[in-house]
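A short write-up of the structure that comes next.
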Amino acid sequence: MKSNDLALRAPKTKKPHLVLFKRKYLCIPYTVFLVLFIIIPIILIVYYAFSDDTGAFSFDALVGFFTTWTKINVLFISIFIALQTTLICLLIGYPLAYFLADKKVNKNVVLVTLFIAPMWINFVLRTGATRDLLTWMNINGGNYPYLATLIGMVYNYLPFVILPLYTTMLKLDKSQIEASYDLGANPFQTFIKNILPQSLPGIVSAITMTFMPTMSSYVISDTLSEGKITLLGNYIYLDFSNTAWNDGSFMALIMLVIVGISMLFTKNNEKVDSKGGASW
Amino acid sequence: MKKYLAFAPFLLLTCTFSLSFKSGFLTSIEGVNATDGTLFDEIQYLEDFQNPQGSQTLRLLNWEDYIYLNDEENGYTSEDLVVQFENYVKENYPQFSEVSVVYSTTDTNETMLNELATGKAHYDLICPSDYGIQRLMRENSLVKIKPRMEALGLDNYSKYGSKRMTSALNEISAINDVTGEMEYLGEYTVGYMWGTLGIIFNPEYDLYSDIDPYEMIYDMSDYSNLWSDKYYGGISLKDSIRDTYFVGLAETYKEELLEQLELYHSSQIDADTYNENISVILNRCDDETLNLVKEELLNLKNNIFGLEVDSGKQDIVTGTIGINLAWSGDSVYSMDLADEYNENQGYEPEVGLCYSVPYTGANIWFDGWCMPKDDTRSQAQEYLALLFLDFISDPVNASQNTDYIGYTSFIGGDAILDLMKDWYDIRTNYIYYYNEETDEYYDVYYYDENDEQIYVWYDDFHKEGENLLENNPLLYYEDEDGEHEYLTEEGKQATYNDYLVIDPEWEVVDLSYFFNDTLEEYENNVDTIFYSDCYLPFEYNGEENFCVGRQFFCQFPDEETINRCVIMADFGDQNDAVRIMWEDFKANDIQPWVIVLFVIEIVLLVGFILFLIIRNNISHHLRKARRKQNK
């Protein structure tokens, strides 16, 4: 063993380092980015959320938010739309991902690419096109604001559900499923006790990739509901464009808090997960 | 010690330099203050005014698509107006060795004001709307332009700016929060474009196919019909506070507005008083008014198709919506687009898209250039900015702008009148000329009721100009073989005055109010009379309608229409209250099924999760028990 160690050490001659390089320096660009575009804005949001016009500390925005019926209304509808979108996306995306991951059904990745292709086109452009399509089908925001918004949201966020589920499904332990059948479980029991727990990490990441972005989405609801459905994102924009920085910031803070809660939720689930089916 | 002593002279030098710099800086600031206070000292200003020179940059902030640009495909062949300005300065002011214009754009007044408020952006000239300028004046952040231009003898704006419009703009006032004095917009701004906010609609819209087009035209001259079931589902409003609020306001106080109209029609009050009175009504924004307007708007919300800011001008053409609250310039755009579209489709609508300025009162808006206070601006830049304002106020340049943008300029003058005659005066269609170089005749298109082309011809069709044959050197007609027979000598272009061929059916549109006192070669009150066959042509059930028209009316409403258009001032301290009212309006309509569905889903979800957790716990316990047994 010792000789081996020596052999390893042998070529280590003293070379003068021109630049003191450490691997962790590679993180500097991102750290700078993080501080400039994430940490400082968050600090600003918190500052504005708890101050008034003059910059003094105040709870006005907080009190205002929770005592204004319309703001609760908007928060409720945001959660409602986000919940519907997430559920519908899961209902559509889950079986789809299961079959896409099945090598017998899906011989090559072309099908997957097809389902994920919309993700590569900017969503504002897609939303404009969706609006025209829905108008042509006579399901426009004028008549059915909720339906039109939901269709747009599901269309937009479906790829974000399919992709993580698909990667999880690829790693499903087939032998476990076979074992459960062998032990006499019916297909429903197999699904509940075996497939579902195995694919849980995929579901969790699918939910986080859909729920929050839907809540804060702004263009889709605005365009497809013809301005009839107002989500939290619209309200924040409205406040900021009317120089009501404090109210807007407080609403942004509410969103941050919801993101935080959902992160906690995700983290707990990742601990439970033993197989580590990668959420992508 | 010696080492340090060597630095002493440097230190001294630096001190003196910085001191002198500082004092110089201070005096310059005082200078600015002196000229920006309530009194503008012209003599002092000119004394301070050294001949600016060198290489300079002019920084402009304007709306998108709001200045003439070179666009060869669409026939705009001259260079960008900004480039023309650079060349103009180089030619006429050779002391500037190099001039470059940095032209930035923005999309809303709010963004513009926010950008200035953060103090990061530096501009020499910006172009906000009337209420934006008011807000800036209140904040004491504008430099007075008018006295500076007067002192320097730059007089295009005062000479060619339409007196009627500039005085309307100039009379808008604001109280400066810093000095506490009331000041007028005229001192601070140079008008650029103006227009009205009205209703554009398609009288032959599919959804309203059971409504007579002329009935709809009649209905649209009244805001109240937007609330009517008759027009359910085809109306689009603006997703911007001020515009939609105005409609709600006009509906809320309709009775008071009608009262004033009655007084005006019975000549108990004159036009100015009438305008002042309705302007007071249509500028209310106290809490009580806000509540009333909110109620009205919430009712309206149930009747509309949706809210938009930008898509409306396309949607009205494609047929997604039938009625849209729109700015006059956008309406002109939509009408042109629709006409072109219909022509390509081979479809001839009975009337086409129409634009209405409702009879109870409407909103008129102005966009003007103003100069924000800025320490980084050199005197030469300021001079350059003033030169730019003078340059764009030249009728020739203003007509390029109008031609390209489609909005109505503040500038009158011969060039603009020429352009408008060319676009809208029906007599233009009768003017043709013989071009000696190409040996070609450029003639006219005018069709009678039977779709037959009429040429100017001696018949009883013209009322005046009996001696047309002798007086007009250009008259010709087409004989049976399709050959032109000249009645008089060739080679001259007719002017409007040569032609007094007037169809009694044509409407007389008097734009003297706009053009008077700005004309040079043309004559006031003579050349400013237009003839049109589609200005205010509509009649329904024997009642005449003076509120609806097409492109020409959009761009140049007649004086009566202008009289009922009011300027909507900045809400001032009520800005926040109005925003909250708007938030209430925008809040969602929660229907019972939404709540039911939500509750069911939550119960199911929570139930499912609980079920899983309990199942897991039970099986966990069972497993533990089994393991114990096995041990």
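By order in the structure tokens, chains are A, B, ...; within a chain, residues start at 1; ligands start at 1, following the order shown.
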With 7 Å as the cut-off and only C-alpha atoms counted, what is the closest atom pair between each nearby residue of chain A and chain B? Distances in Å to one decimal, ordered by chain and number, as a Markdown table.
```
| residue | atom | partner | partner_atom | distance |
| --- | --- | --- | --- | --- |
| A:Thr70 | CA | B:Ala587 | CA | 5.6 |
| A:Asn73 | CA | B:Ala587 | CA | 6.7 |
| A:Val74 | CA | B:Ala587 | CA | 6.2 |
| A:Phe80 | CA | B:Phe598 | CA | 6.6 |
| A:Gly142 | CA | B:Phe305 | CA | 4.2 |
| A:Glu226 | CA | B:Gly306 | CA | 4.5 |
| A:Gly227 | CA | B:Leu307 | CA | 4.9 |
| A:Lys228 | CA | B:Gly306 | CA | 6.2 |
| A:Ile229 | CA | B:Asn588 | CA | 5.8 |
| A:Thr230 | CA | B:Ala587 | CA | 6.2 |
| A:Ser241 | CA | B:Glu110 | CA | 5.9 |
| A:Asn242 | CA | B:Glu110 | CA | 6.6 |
```
How would the residues just picked look written out with C-alpha atoms as a PDB file, in the first residue's frame?
```
ATOM      1  CA  THR A  70     -61.468  42.075  -3.673  1.00  0.00           C
ATOM      2  CA  ASN A  73     -61.330  37.331  -4.049  1.00  0.00           C
ATOM      3  CA  VAL A  74     -58.379  37.511  -6.424  1.00  0.00           C
ATOM      4  CA  PHE A  80     -58.834  27.990  -7.698  1.00  0.00           C
ATOM      5  CA  GLY A 142     -66.242  36.666 -23.873  1.00  0.00           C
ATOM      6  CA  GLU A 226     -60.473  38.945 -22.295  1.00  0.00           C
ATOM      7  CA  GLY A 227     -59.517  40.620 -19.040  1.00  0.00           C
ATOM      8  CA  LYS A 228     -62.432  39.077 -17.179  1.00  0.00           C
ATOM      9  CA  ILE A 229     -60.367  36.869 -14.888  1.00  0.00           C
ATOM     10  CA  THR A 230     -57.883  38.643 -12.710  1.00  0.00           C
ATOM     11  CA  SER A 241     -47.901  50.405 -12.932  1.00  0.00           C
ATOM     12  CA  ASN A 242     -49.872  52.822 -10.748  1.00  0.00           C
TER      13      ASN A 242
END
```
Problem set entry | Distance query A:Ile177 at most 9 Å, only C-alpha atoms, self and fewer than 3 positions along chain excluded, as a PyMOL selection string | chain A and resi 172-174+180-182+190-191+194-195
Keeping only all heavy atoms, write the selected residues as a short mmCIF file (atom, residue, chain, number, x, y, z; two decimals), in the first residue's frame.
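For reference, selection39.cif as written:
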```cif
data_model
loop_
_atom_site.label_atom_id
_atom_site.label_comp_id
_atom_site.auth_asym_id
_atom_site.auth_seq_id
_atom_site.Cartn_x
_atom_site.Cartn_y
_atom_site.Cartn_z
N LEU A 172 -39.59 3.29 -13.22
CA LEU A 172 -40.48 2.42 -12.44
C LEU A 172 -39.87 1.03 -12.36
O LEU A 172 -39.39 0.49 -13.36
CB LEU A 172 -41.85 2.32 -13.12
CG LEU A 172 -42.88 3.42 -12.87
CD1 LEU A 172 -44.21 2.99 -13.46
CD2 LEU A 172 -43.03 3.68 -11.39
N ASP A 173 -39.94 0.43 -11.15
CA ASP A 173 -39.42 -0.91 -10.99
C ASP A 173 -40.47 -1.91 -11.45
O ASP A 173 -41.44 -2.18 -10.74
CB ASP A 173 -39.05 -1.12 -9.50
CG ASP A 173 -38.27 -2.38 -9.31
OD1 ASP A 173 -38.20 -3.16 -10.29
OD2 ASP A 173 -37.75 -2.59 -8.21
N LYS A 174 -40.29 -2.41 -12.65
CA LYS A 174 -41.30 -3.29 -13.25
C LYS A 174 -41.48 -4.57 -12.42
O LYS A 174 -42.58 -5.11 -12.30
CB LYS A 174 -40.91 -3.65 -14.68
CG LYS A 174 -40.99 -2.50 -15.64
CD LYS A 174 -42.40 -2.31 -16.14
CE LYS A 174 -42.67 -0.94 -16.71
NZ LYS A 174 -41.59 -0.22 -17.35
N SER A 180 -46.44 -7.58 -7.28
CA SER A 180 -47.72 -7.28 -6.64
C SER A 180 -48.85 -8.05 -7.31
O SER A 180 -49.76 -8.52 -6.66
CB SER A 180 -47.98 -5.78 -6.64
OG SER A 180 -48.61 -5.41 -7.82
N TYR A 181 -48.76 -8.20 -8.64
CA TYR A 181 -49.78 -9.01 -9.32
C TYR A 181 -49.68 -10.46 -8.86
O TYR A 181 -50.68 -11.11 -8.60
CB TYR A 181 -49.61 -8.94 -10.84
CG TYR A 181 -50.21 -7.71 -11.45
CD1 TYR A 181 -49.44 -6.85 -12.21
CD2 TYR A 181 -51.57 -7.42 -11.27
CE1 TYR A 181 -49.99 -5.71 -12.77
CE2 TYR A 181 -52.13 -6.28 -11.82
CZ TYR A 181 -51.34 -5.43 -12.58
OH TYR A 181 -51.88 -4.33 -13.14
N ASP A 182 -48.42 -10.95 -8.77
CA ASP A 182 -48.21 -12.34 -8.38
C ASP A 182 -48.77 -12.61 -7.00
O ASP A 182 -49.27 -13.70 -6.72
CB ASP A 182 -46.72 -12.67 -8.39
CG ASP A 182 -46.21 -12.79 -9.81
OD1 ASP A 182 -47.07 -12.84 -10.72
OD2 ASP A 182 -44.98 -12.82 -10.01
N THR A 190 -52.70 -2.53 -7.14
CA THR A 190 -51.34 -2.38 -7.63
C THR A 190 -51.03 -0.91 -7.88
O THR A 190 -49.96 -0.41 -7.52
CB THR A 190 -51.16 -3.14 -8.96
OG1 THR A 190 -51.73 -4.42 -8.81
CG2 THR A 190 -49.70 -3.24 -9.34
N PHE A 191 -52.02 -0.24 -8.46
CA PHE A 191 -51.81 1.18 -8.77
C PHE A 191 -51.63 1.99 -7.48
O PHE A 191 -50.66 2.74 -7.32
CB PHE A 191 -52.98 1.71 -9.58
CG PHE A 191 -52.89 3.17 -9.84
CD1 PHE A 191 -51.96 3.66 -10.74
CD2 PHE A 191 -53.71 4.07 -9.16
CE1 PHE A 191 -51.85 5.01 -10.97
CE2 PHE A 191 -53.60 5.42 -9.39
CZ PHE A 191 -52.67 5.89 -10.30
N ASN A 194 -48.50 0.48 -5.34
CA ASN A 194 -47.19 0.29 -5.94
C ASN A 194 -46.80 1.40 -6.91
O ASN A 194 -45.83 2.12 -6.70
CB ASN A 194 -47.19 -1.07 -6.66
CG ASN A 194 -45.80 -1.51 -6.96
OD1 ASN A 194 -44.95 -0.70 -7.26
ND2 ASN A 194 -45.56 -2.80 -6.88
N ILE A 195 -47.62 1.54 -7.97
CA ILE A 195 -47.22 2.50 -9.01
C ILE A 195 -47.25 3.93 -8.46
O ILE A 195 -46.31 4.71 -8.65
CB ILE A 195 -48.13 2.38 -10.24
CG1 ILE A 195 -48.05 0.95 -10.77
CG2 ILE A 195 -47.73 3.36 -11.31
CD1 ILE A 195 -48.98 0.65 -11.91
#
```
For this session: Skip A:Ala129 itself and residues of its chain fewer than 4 positions away, then list as a ChimeraX atom specification all residues within 12 Å of it, counting only C-alpha atoms.
Result: /A:118,121-125,133-136,152,155-156,220,223-224
Exercise. Looking at A:Met263, A:Ile151, A:Leu256, A:Ser249, which one is nearest to A:Ala61, with distances taken over only C-alpha atoms?
Worked result: A:Ser249
Exercise. If we count only C-alpha atoms, what is near stretch 195-199 of chain B at a cut-off of 6 Å, once residues fewer than 5 positions away on the same chain are taken out, given as a VMD selection string?
Worked result: chain B and resid 324 to 328 355 to 357 363 to 365
For this session: Quick one: pick out all alpha helix (DSSP H) residues within stretch 167-395 of chain B from a backbone DSSP run and write them as a PyMOL selection string.
Result: chain B and resi 167-170+185-188+213-219+241-252+254-265+271-281+287-301+312-318+328-345+379-392+395
For this session: Would you kindly return, as a PyMOL selection string, each protein, DNA or RNA residue with an atom no farther than 8 Å from any atom of stretch 53-58 of chain B, considering only C-alpha atoms and excluding same-chain residues fewer than 5 positions away?
Result: chain B and resi 95-102+123-124+380-381+384-385
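These are the residues of stretch 62-176 of chain B assigned strand (DSSP E or B) by DSSP from backbone coordinates: B:Asn62, B:Trp63, B:Asp71, B:Tyr76, B:Glu98, B:Val99, B:Ser100, B:Val101, B:Val102, B:Tyr103, B:Ser104, B:Thr105, B:Thr106, B:Leu125, B:Ile126, B:Ser129, B:Leu142, B:Val143, B:Gly161, B:Ser173, B:Ala174, B:Ile175.
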Problem set entry | stretch 549-554 of chain B surroundings by only C-alpha atoms, 10 Å radius, close-in-sequence under 6 positions cut, as an MDAnalysis selection string | chainID B and resid 195:198 200 217 327:336 351:357 406:408 420 423:425 509 532 534:538 561
Include N, CA and C atoms and write out the residues we just selected as an mmCIF file, in the first residue's frame.
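Resulting contents of result_38.cif:
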```cif
data_model
loop_
_atom_site.group_PDB
_atom_site.id
_atom_site.type_symbol
_atom_site.label_atom_id
_atom_site.label_comp_id
_atom_site.auth_asym_id
_atom_site.auth_seq_id
_atom_site.Cartn_x
_atom_site.Cartn_y
_atom_site.Cartn_z
ATOM 1 N N GLY B 195 -56.297 63.860 -29.989
ATOM 2 C CA GLY B 195 -57.361 63.017 -30.517
ATOM 3 C C GLY B 195 -58.464 62.861 -29.497
ATOM 4 N N THR B 196 -59.468 62.094 -29.870
ATOM 5 C CA THR B 196 -60.590 61.892 -28.961
ATOM 6 C C THR B 196 -60.661 60.421 -28.587
ATOM 7 N N LEU B 197 -61.458 60.157 -27.562
ATOM 8 C CA LEU B 197 -61.754 58.780 -27.193
ATOM 9 C C LEU B 197 -63.223 58.558 -27.500
ATOM 10 N N GLY B 198 -63.501 57.627 -28.380
ATOM 11 C CA GLY B 198 -64.888 57.396 -28.770
ATOM 12 C C GLY B 198 -65.182 55.914 -28.899
ATOM 13 N N ILE B 200 -65.705 52.871 -31.570
ATOM 14 C CA ILE B 200 -65.667 52.373 -32.951
ATOM 15 C C ILE B 200 -66.541 51.137 -32.996
ATOM 16 N N ILE B 217 -76.067 52.702 -35.650
ATOM 17 C CA ILE B 217 -75.309 53.950 -35.733
ATOM 18 C C ILE B 217 -75.943 55.002 -34.834
ATOM 19 N N TRP B 327 -59.345 54.973 -29.204
ATOM 20 C CA TRP B 327 -58.786 56.284 -29.478
ATOM 21 C C TRP B 327 -58.907 56.562 -30.969
ATOM 22 N N SER B 328 -59.045 57.843 -31.302
ATOM 23 C CA SER B 328 -59.341 58.194 -32.690
ATOM 24 C C SER B 328 -58.294 57.661 -33.663
ATOM 25 N N GLY B 329 -57.024 57.754 -33.292
ATOM 26 C CA GLY B 329 -55.972 57.308 -34.203
ATOM 27 C C GLY B 329 -56.054 55.824 -34.490
ATOM 28 N N ASP B 330 -56.301 55.041 -33.428
ATOM 29 C CA ASP B 330 -56.450 53.606 -33.612
ATOM 30 C C ASP B 330 -57.654 53.310 -34.487
ATOM 31 N N SER B 331 -58.697 54.114 -34.333
ATOM 32 C CA SER B 331 -59.892 53.886 -35.129
ATOM 33 C C SER B 331 -59.606 54.095 -36.605
ATOM 34 N N VAL B 332 -58.851 55.144 -36.908
ATOM 35 C CA VAL B 332 -58.494 55.384 -38.313
ATOM 36 C C VAL B 332 -57.759 54.162 -38.852
ATOM 37 N N TYR B 333 -56.853 53.655 -38.025
ATOM 38 C CA TYR B 333 -56.085 52.475 -38.418
ATOM 39 C C TYR B 333 -57.013 51.296 -38.710
ATOM 40 N N SER B 334 -57.949 51.045 -37.776
ATOM 41 C CA SER B 334 -58.867 49.913 -37.953
ATOM 42 C C SER B 334 -59.716 50.088 -39.198
ATOM 43 N N MET B 335 -60.213 51.302 -39.422
ATOM 44 C CA MET B 335 -61.075 51.540 -40.579
ATOM 45 C C MET B 335 -60.316 51.309 -41.876
ATOM 46 N N ASP B 336 -59.095 51.838 -41.936
ATOM 47 C CA ASP B 336 -58.291 51.628 -43.143
ATOM 48 C C ASP B 336 -58.081 50.147 -43.388
ATOM 49 N N VAL B 351 -71.986 50.412 -44.816
ATOM 50 C CA VAL B 351 -71.365 51.613 -44.267
ATOM 51 C C VAL B 351 -69.886 51.412 -43.931
ATOM 52 N N GLY B 352 -69.514 50.258 -43.482
ATOM 53 C CA GLY B 352 -68.155 50.055 -42.997
ATOM 54 C C GLY B 352 -68.075 50.431 -41.531
ATOM 55 N N LEU B 353 -66.876 50.323 -40.972
ATOM 56 C CA LEU B 353 -66.707 50.663 -39.560
ATOM 57 C C LEU B 353 -66.994 52.144 -39.334
ATOM 58 N N CYS B 354 -67.586 52.462 -38.213
ATOM 59 C CA CYS B 354 -67.894 53.857 -37.894
ATOM 60 C C CYS B 354 -67.303 54.236 -36.543
ATOM 61 N N TYR B 355 -67.135 55.522 -36.356
ATOM 62 C CA TYR B 355 -66.572 56.030 -35.116
ATOM 63 C C TYR B 355 -67.529 57.071 -34.554
ATOM 64 N N SER B 356 -67.839 56.917 -33.270
ATOM 65 C CA SER B 356 -68.803 57.835 -32.685
ATOM 66 C C SER B 356 -68.191 58.609 -31.527
ATOM 67 N N VAL B 357 -68.500 59.869 -31.458
ATOM 68 C CA VAL B 357 -68.145 60.690 -30.307
ATOM 69 C C VAL B 357 -69.471 61.022 -29.632
ATOM 70 N N GLY B 406 -50.834 58.766 -38.537
ATOM 71 C CA GLY B 406 -52.281 58.672 -38.639
ATOM 72 C C GLY B 406 -53.019 59.399 -37.535
ATOM 73 N N TYR B 407 -52.294 59.923 -36.554
ATOM 74 C CA TYR B 407 -52.956 60.758 -35.545
ATOM 75 C C TYR B 407 -52.985 62.200 -36.047
ATOM 76 N N THR B 408 -53.681 63.050 -35.341
ATOM 77 C CA THR B 408 -53.822 64.420 -35.781
ATOM 78 C C THR B 408 -52.808 65.295 -35.077
ATOM 79 N N MET B 420 -54.532 66.979 -45.918
ATOM 80 C CA MET B 420 -55.905 66.658 -45.545
ATOM 81 C C MET B 420 -56.844 66.770 -46.736
ATOM 82 N N TRP B 423 -56.401 63.761 -48.717
ATOM 83 C CA TRP B 423 -57.014 62.571 -48.149
ATOM 84 C C TRP B 423 -58.529 62.619 -48.157
ATOM 85 N N TYR B 424 -59.070 63.758 -47.756
ATOM 86 C CA TYR B 424 -60.474 63.746 -47.390
ATOM 87 C C TYR B 424 -61.397 64.604 -48.234
ATOM 88 N N ASP B 425 -60.864 65.617 -48.897
ATOM 89 C CA ASP B 425 -61.785 66.450 -49.656
ATOM 90 C C ASP B 425 -62.214 65.698 -50.896
ATOM 91 N N VAL B 509 -67.830 70.641 -44.600
ATOM 92 C CA VAL B 509 -67.133 70.463 -43.328
ATOM 93 C C VAL B 509 -66.206 71.643 -43.130
ATOM 94 N N SER B 532 -67.358 66.640 -48.289
ATOM 95 C CA SER B 532 -67.183 65.213 -48.052
ATOM 96 C C SER B 532 -68.513 64.508 -48.254
ATOM 97 N N CYS B 534 -68.911 61.472 -46.668
ATOM 98 C CA CYS B 534 -69.034 60.467 -45.614
ATOM 99 C C CYS B 534 -68.604 61.040 -44.274
ATOM 100 N N TYR B 535 -68.928 62.290 -44.027
ATOM 101 C CA TYR B 535 -68.468 62.877 -42.767
ATOM 102 C C TYR B 535 -69.435 62.556 -41.642
ATOM 103 N N LEU B 536 -70.628 63.083 -41.734
ATOM 104 C CA LEU B 536 -71.651 62.779 -40.730
ATOM 105 C C LEU B 536 -72.930 62.408 -41.474
ATOM 106 N N PRO B 537 -72.910 61.299 -42.137
ATOM 107 C CA PRO B 537 -73.949 61.086 -43.141
ATOM 108 C C PRO B 537 -75.201 60.405 -42.637
ATOM 109 N N PHE B 538 -75.382 60.237 -41.361
ATOM 110 C CA PHE B 538 -76.355 59.241 -40.946
ATOM 111 C C PHE B 538 -77.651 59.813 -40.394
ATOM 112 N N THR B 561 -68.390 69.065 -32.286
ATOM 113 C CA THR B 561 -67.928 67.877 -31.580
ATOM 114 C C THR B 561 -66.843 68.242 -30.578
#
```
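Note that the spacing between atom CA of B:Arg135 and atom CA of B:Thr179 amounts to 14.4 Å.
Excluding A:Thr210 and any residue on its chain fewer than 4 positions from it, the residues at most 8 Å away by only C-alpha atoms are A:Ala82, A:Thr85, A:Thr86, A:Tyr157, A:Phe160, A:Val161, A:Ala206, A:Thr214.
The coordinates place atom CA of B:Gln260 at 24.8 Å from atom CA of B:Leu300.
Minimum distance to A:Ser262 across A:Thr167, A:Asn186, A:Met209, A:Asp239 (counting only C-alpha atoms) occurs at A:Met209.
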